[in-house]
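So the structure is just underneath, and the comments pick up after that.
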There are 2 protein chains.
Amino acid sequence: MSRRADDAGRRGQLLRESARLFRERGYDATSVRDIAAATGLQSGSWVYHFKTKQDILAAVMEQGLQQALERIEAIAREELPPREHFRALVRTHLDTLLGPGQDFIPVLLYDWRSLDKPGRDRVIALQKRYEQVWEDVIHQLQRAGDWAMPTRIDRLLMFGALNWIVQWYRPRGPLNATQIVAEAEKFFLRTLPRARARRPGVRRS
Amino acid sequence: MSRRADDAGRRGQLLRESARLFRERGYDATSVRDIAAATGLQSGSWVYHFKTKQDILAAVMEQGLQQALERIEAIAREELPPREHFRALVRTHLDTLLGPGQDFIPVLLYDWRSLDKPGRDRVIALQKRYEQVWEDVIHQLQRAGDWAMPTRIDRLLMFGALNWIVQWYRPRGPLNATQIVAEAEKFFLRTLPRARARRPGVRRS
DNA sequence: CCTACCGATCGGTAGG
DNA sequence: CCTACCGATCGGTAGG
């Protein structure tokens, strides 16, 4: 209950509400007054936590990516068979994109154009680390024969397929995240495990 | 040189400049003054061609999709082997997304949130027709054994991989559109042609 | 953290 | 199609 704890709480609250509003309407269509009102502040009081509206956007993207990075780096440290490793990455990536209250990374994906140059450079540095984790696991998959020859374009197409899900996934829709993870794995890994490779009939639904 | 032709020319000019600016900066970050200036008009003169700025956005998206639809429906009418058919769709889709001066569909993909409800409904109707063309060809692929069991999620993942290319493709970058088409086809069609299936070494680069 | 307000810019219009 | 301008809203600040 110290002043610093309160302050951090307010800052976090501002970030969460900003992320939610940016995701819903976009950065430009969200006013600082909207953000203040959603946080229970008067129209000019957000300046005690952020210098500019642009700084709020940068903080949303950086914090979101920072947390996503921690999650997948933890997975990278686990000892798992390549396919399990890959599946865990996909599952975590999709939870970061589609999970309840997960608005930070969608803002990064949707409103990239609105971020100014200095902010972009910092985000790009984090993204490189994020992609490196994937590259290591994909390389394991290749050695195990589960992904014949992953090229740079392959990896970009894969991220595209995953990131685009934000555009069509609806939490209360007919497809749940677990189904999507299973389908995505099958979609990406052309060399299916030998035991199931000749039996397409096992697919449910 | 009739007044109507001039009028249609101006309207087309306004649409092209709007598409270019919307794509570069986004709908909200582009002012009607920016559009007027790019077209060589005074700040209020765009109103003789469109009622509101929102109408400009709707026209950009609808015209872009209308033209894309004509292109792939022409392909659908050709008699081709399934794989060739699919490759032609991918090639045309990517040209619509990445070709020089092709800003209309990227605006549709980027600024979907900025379109109001009536506009969305009209665009959705066109998109359904667009997807139907793909579904028919994918079904041919399935019968030919080139796409084991295409599900709804598979199709959404495929469109995601393709549409996301707009985010990373750079005309002067190291990857050209032809390479991407070839990689995309390999990426989607897990059952490779028998003659080349066992010889990954033929890949160039 | 609030009240009151600033200069700038926005989409769109009146009158010609 | 232009000139001149409107009311509204924007991000951000001065003073307390």
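Following the order of the structure tokens, first chain is A, next is B, and so on, with residues numbered from 1 inside each chain and ligands from 1 in the order they appear.
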
Can you give me chain B superposed onto chain A, least-squares on all Cα in order, written as a short mmCIF file (atom, residue, chain, number, x, y, z; two decimals) with C-alpha atoms, in the first residue's frame?
```
data_model
loop_
_atom_site.label_atom_id
_atom_site.label_comp_id
_atom_site.auth_asym_id
_atom_site.auth_seq_id
_atom_site.Cartn_x
_atom_site.Cartn_y
_atom_site.Cartn_z
CA MET B 1 -0.12 -0.09 -0.06
CA SER B 2 2.89 2.23 -0.37
CA ARG B 3 2.63 5.09 -2.82
CA ARG B 4 4.95 3.25 -5.20
CA ALA B 5 2.79 0.14 -5.22
CA ASP B 6 -0.29 2.25 -5.88
CA ASP B 7 1.53 3.96 -8.66
CA ALA B 8 2.60 0.70 -10.25
CA GLY B 9 -0.96 -0.55 -9.90
CA ARG B 10 -2.37 2.47 -11.67
CA ARG B 11 0.19 2.18 -14.39
CA GLY B 12 -0.67 -1.46 -14.89
CA GLN B 13 -4.36 -0.64 -14.91
CA LEU B 14 -3.80 2.06 -17.53
CA LEU B 15 -1.82 -0.40 -19.67
CA ARG B 16 -4.48 -3.11 -19.47
CA GLU B 17 -7.32 -0.73 -20.35
CA SER B 18 -5.27 0.83 -23.13
CA ALA B 19 -4.47 -2.58 -24.58
CA ARG B 20 -8.13 -3.56 -24.49
CA LEU B 21 -9.26 -0.34 -26.17
CA PHE B 22 -6.44 -0.29 -28.73
CA ARG B 23 -7.29 -3.84 -29.69
CA GLU B 24 -11.01 -3.14 -30.01
CA ARG B 25 -10.87 0.17 -31.89
CA GLY B 26 -7.27 0.73 -32.87
CA TYR B 27 -4.73 3.21 -31.54
CA ASP B 28 -5.90 6.24 -33.51
CA ALA B 29 -9.56 5.61 -32.77
CA THR B 30 -8.89 5.52 -29.02
CA SER B 31 -8.55 8.89 -27.29
CA VAL B 32 -6.58 9.50 -24.13
CA ARG B 33 -9.93 10.51 -22.63
CA ASP B 34 -11.32 7.04 -23.40
CA ILE B 35 -8.36 5.48 -21.62
CA ALA B 36 -8.67 7.80 -18.63
CA ALA B 37 -12.40 7.12 -18.30
CA ALA B 38 -11.90 3.34 -18.49
CA THR B 39 -9.32 3.60 -15.71
CA GLY B 40 -11.50 5.88 -13.56
CA LEU B 41 -9.34 8.95 -14.00
CA GLN B 42 -10.04 12.49 -15.16
CA SER B 43 -9.13 13.35 -18.72
CA GLY B 44 -5.66 14.75 -18.08
CA SER B 45 -4.47 12.52 -15.26
CA TRP B 46 -2.84 9.79 -17.33
CA VAL B 47 0.17 12.11 -17.78
CA TYR B 48 1.42 11.16 -14.31
CA HIS B 49 2.17 7.68 -15.60
CA PHE B 50 3.13 8.23 -19.26
CA LYS B 51 4.63 11.19 -21.07
CA THR B 52 2.64 10.81 -24.29
CA LYS B 53 -0.04 8.63 -25.82
CA GLN B 54 2.69 7.17 -28.03
CA ASP B 55 4.53 6.07 -24.88
CA ILE B 56 1.43 4.17 -23.77
CA LEU B 57 1.39 2.29 -27.07
CA ALA B 58 5.08 1.47 -26.84
CA ALA B 59 4.66 0.25 -23.26
CA VAL B 60 1.72 -2.00 -24.22
CA MET B 61 3.70 -3.62 -27.02
CA GLU B 62 6.95 -3.97 -25.09
CA GLN B 63 5.37 -5.35 -21.95
CA GLY B 64 3.27 -7.80 -23.94
CA LEU B 65 6.23 -9.06 -25.90
CA GLN B 66 8.44 -9.19 -22.82
CA GLN B 67 5.95 -11.47 -21.09
CA ALA B 68 5.42 -13.63 -24.17
CA LEU B 69 9.17 -14.00 -24.44
CA GLU B 70 9.51 -15.15 -20.85
CA ARG B 71 6.86 -17.79 -21.42
CA ILE B 72 8.42 -19.35 -24.49
CA GLU B 73 11.96 -19.08 -23.16
CA ALA B 74 10.79 -21.14 -20.19
CA ILE B 75 9.52 -23.76 -22.65
CA ALA B 76 12.79 -23.71 -24.53
CA ARG B 77 14.60 -24.68 -21.31
CA GLU B 78 12.45 -27.83 -20.88
CA GLU B 79 13.70 -31.18 -22.09
CA LEU B 80 11.10 -32.45 -24.56
CA PRO B 81 10.89 -34.45 -27.77
CA PRO B 82 10.97 -32.05 -30.76
CA ARG B 83 7.32 -32.51 -31.67
CA GLU B 84 6.24 -31.93 -28.06
CA HIS B 85 8.47 -28.91 -27.93
CA PHE B 86 6.92 -27.48 -31.05
CA ARG B 87 3.41 -28.21 -29.86
CA ALA B 88 4.14 -26.41 -26.58
CA LEU B 89 5.38 -23.35 -28.46
CA VAL B 90 2.29 -23.27 -30.65
CA ARG B 91 0.02 -23.71 -27.64
CA THR B 92 1.70 -20.89 -25.71
CA HIS B 93 1.83 -18.61 -28.73
CA LEU B 94 -1.89 -19.06 -29.32
CA ASP B 95 -2.71 -18.53 -25.67
CA THR B 96 -0.77 -15.27 -25.80
CA LEU B 97 -2.80 -14.28 -28.86
CA LEU B 98 -6.24 -15.62 -28.03
CA GLY B 99 -6.46 -16.14 -24.29
CA PRO B 100 -8.86 -14.13 -22.12
CA GLY B 101 -7.49 -10.68 -21.37
CA GLN B 102 -4.60 -11.18 -23.78
CA ASP B 103 -4.76 -7.94 -25.72
CA PHE B 104 -1.12 -6.86 -25.72
CA ILE B 105 0.24 -8.96 -28.58
CA PRO B 106 -2.81 -8.42 -30.79
CA VAL B 107 -2.17 -4.67 -30.41
CA LEU B 108 1.41 -5.28 -31.48
CA LEU B 109 0.22 -7.18 -34.55
CA TYR B 110 -2.62 -4.83 -35.47
CA ASP B 111 -1.19 -1.40 -34.75
CA TRP B 112 2.42 -1.80 -35.70
CA ARG B 113 2.15 1.12 -38.13
CA SER B 114 1.16 3.49 -35.32
CA LEU B 115 4.36 2.92 -33.35
CA ASP B 116 7.12 5.46 -33.95
CA LYS B 117 10.64 4.55 -35.04
CA PRO B 118 12.36 4.37 -31.62
CA GLY B 119 9.58 2.18 -30.29
CA ARG B 120 9.78 -0.10 -33.32
CA ASP B 121 13.49 -0.60 -32.91
CA ARG B 122 13.05 -1.74 -29.33
CA VAL B 123 10.21 -4.09 -30.27
CA ILE B 124 12.18 -5.54 -33.17
CA ALA B 125 15.02 -6.43 -30.81
CA LEU B 126 12.60 -8.41 -28.63
CA GLN B 127 11.01 -10.06 -31.66
CA LYS B 128 14.39 -11.33 -32.82
CA ARG B 129 14.81 -13.13 -29.51
CA TYR B 130 11.31 -14.53 -29.81
CA GLU B 131 11.96 -15.90 -33.28
CA GLN B 132 15.28 -17.40 -32.21
CA VAL B 133 13.51 -19.69 -29.76
CA TRP B 134 11.32 -20.99 -32.57
CA GLU B 135 14.22 -21.40 -34.92
CA ASP B 136 16.01 -23.66 -32.45
CA VAL B 137 13.00 -25.90 -32.02
CA ILE B 138 12.33 -26.02 -35.76
CA HIS B 139 15.92 -27.08 -36.24
CA GLN B 140 15.35 -29.94 -33.79
CA LEU B 141 12.29 -30.92 -35.81
CA GLN B 142 14.33 -30.97 -38.95
CA ARG B 143 16.98 -33.27 -37.42
CA ALA B 144 14.17 -35.59 -36.26
CA GLY B 145 12.81 -35.70 -39.82
CA ASP B 146 9.54 -33.97 -38.92
CA TRP B 147 10.04 -30.87 -41.05
CA ALA B 148 11.90 -31.75 -44.22
CA MET B 149 13.60 -28.46 -45.02
CA PRO B 150 12.39 -25.40 -43.16
CA THR B 151 13.28 -22.27 -45.11
CA ARG B 152 13.02 -18.65 -44.06
CA ILE B 153 9.82 -18.35 -46.09
CA ASP B 154 8.43 -21.46 -44.39
CA ARG B 155 8.91 -19.86 -41.00
CA LEU B 156 7.31 -16.62 -42.14
CA LEU B 157 4.34 -18.53 -43.60
CA MET B 158 3.97 -20.43 -40.34
CA PHE B 159 3.93 -17.27 -38.23
CA GLY B 160 1.46 -15.78 -40.68
CA ALA B 161 -0.92 -18.72 -40.33
CA LEU B 162 -0.71 -18.44 -36.53
CA ASN B 163 -0.85 -14.66 -36.21
CA TRP B 164 -3.75 -14.37 -38.62
CA ILE B 165 -5.88 -16.46 -36.29
CA VAL B 166 -6.40 -13.26 -34.29
CA GLN B 167 -8.47 -12.03 -37.22
CA TRP B 168 -10.98 -14.87 -37.27
CA TYR B 169 -10.92 -16.54 -33.86
CA ARG B 170 -13.91 -15.82 -31.65
CA PRO B 171 -13.83 -17.10 -28.03
CA ARG B 172 -17.44 -18.23 -28.21
CA GLY B 173 -17.15 -19.57 -31.75
CA PRO B 174 -17.32 -23.20 -32.89
CA LEU B 175 -13.54 -23.78 -32.84
CA ASN B 176 -11.67 -23.89 -29.56
CA ALA B 177 -7.99 -23.18 -29.05
CA THR B 178 -7.08 -26.82 -28.37
CA GLN B 179 -8.54 -27.96 -31.70
CA ILE B 180 -6.67 -25.19 -33.46
CA VAL B 181 -3.36 -26.19 -31.89
CA ALA B 182 -3.87 -29.78 -33.05
CA GLU B 183 -4.80 -28.74 -36.58
CA ALA B 184 -1.94 -26.27 -36.77
CA GLU B 185 0.58 -28.92 -35.83
CA LYS B 186 -0.74 -31.26 -38.52
CA PHE B 187 -0.79 -28.41 -40.98
CA PHE B 188 2.85 -27.48 -40.45
CA LEU B 189 4.47 -30.88 -40.04
CA ARG B 190 4.05 -32.67 -43.32
CA THR B 191 5.81 -35.84 -42.16
CA LEU B 192 3.22 -37.35 -39.88
CA PRO B 193 4.18 -39.95 -37.27
CA ARG B 194 4.54 -43.27 -39.00
CA ALA B 195 1.82 -45.08 -37.00
CA ARG B 196 -0.92 -42.62 -37.94
CA ALA B 197 0.30 -41.52 -41.33
CA ARG B 198 -1.77 -44.08 -43.27
CA ARG B 199 -4.93 -43.68 -41.23
CA PRO B 200 -6.60 -40.37 -41.93
CA GLY B 201 -9.83 -41.88 -40.61
CA VAL B 202 -8.85 -41.38 -36.97
CA ARG B 203 -9.66 -37.70 -37.21
CA ARG B 204 -12.55 -36.83 -34.95
CA SER B 205 -15.44 -34.54 -35.86
#
```

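Those residues that approach DG16 (chain C) to within 12 Å, counting only C-alpha atoms (C1' of nucleotides), are DC1, DC2, DT3 and DA4 of chain D; same-chain residues fewer than 3 positions away are not listed.
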
Would you give me, as a Markdown table, each residue of chain C having an atom within 10 Å of an atom of chain B, along with its shortest atom pair and that distance in Å to one decimal, using only C-alpha atoms (C1' of nucleotides) and sorting by chain and residue number?
```
| residue | atom | partner | partner_atom | distance |
| --- | --- | --- | --- | --- |
| C:DT9 | C1' | B:Ser31 | CA | 9.4 |
| C:DC10 | C1' | B:Ser31 | CA | 7.5 |
| C:DG11 | C1' | B:Val32 | CA | 7.4 |
| C:DG12 | C1' | B:Gly44 | CA | 7.7 |
| C:DT13 | C1' | B:Gly44 | CA | 8.8 |
```

Residue list (helix (DSSP H, G or I), DSSP) for region 20-174 of chain A, as number ranges by chain: A: 20-25, 32-39, 45-48, 53-77, 82-98, 104-110, 112-114, 117-143, 152-163, 165-168
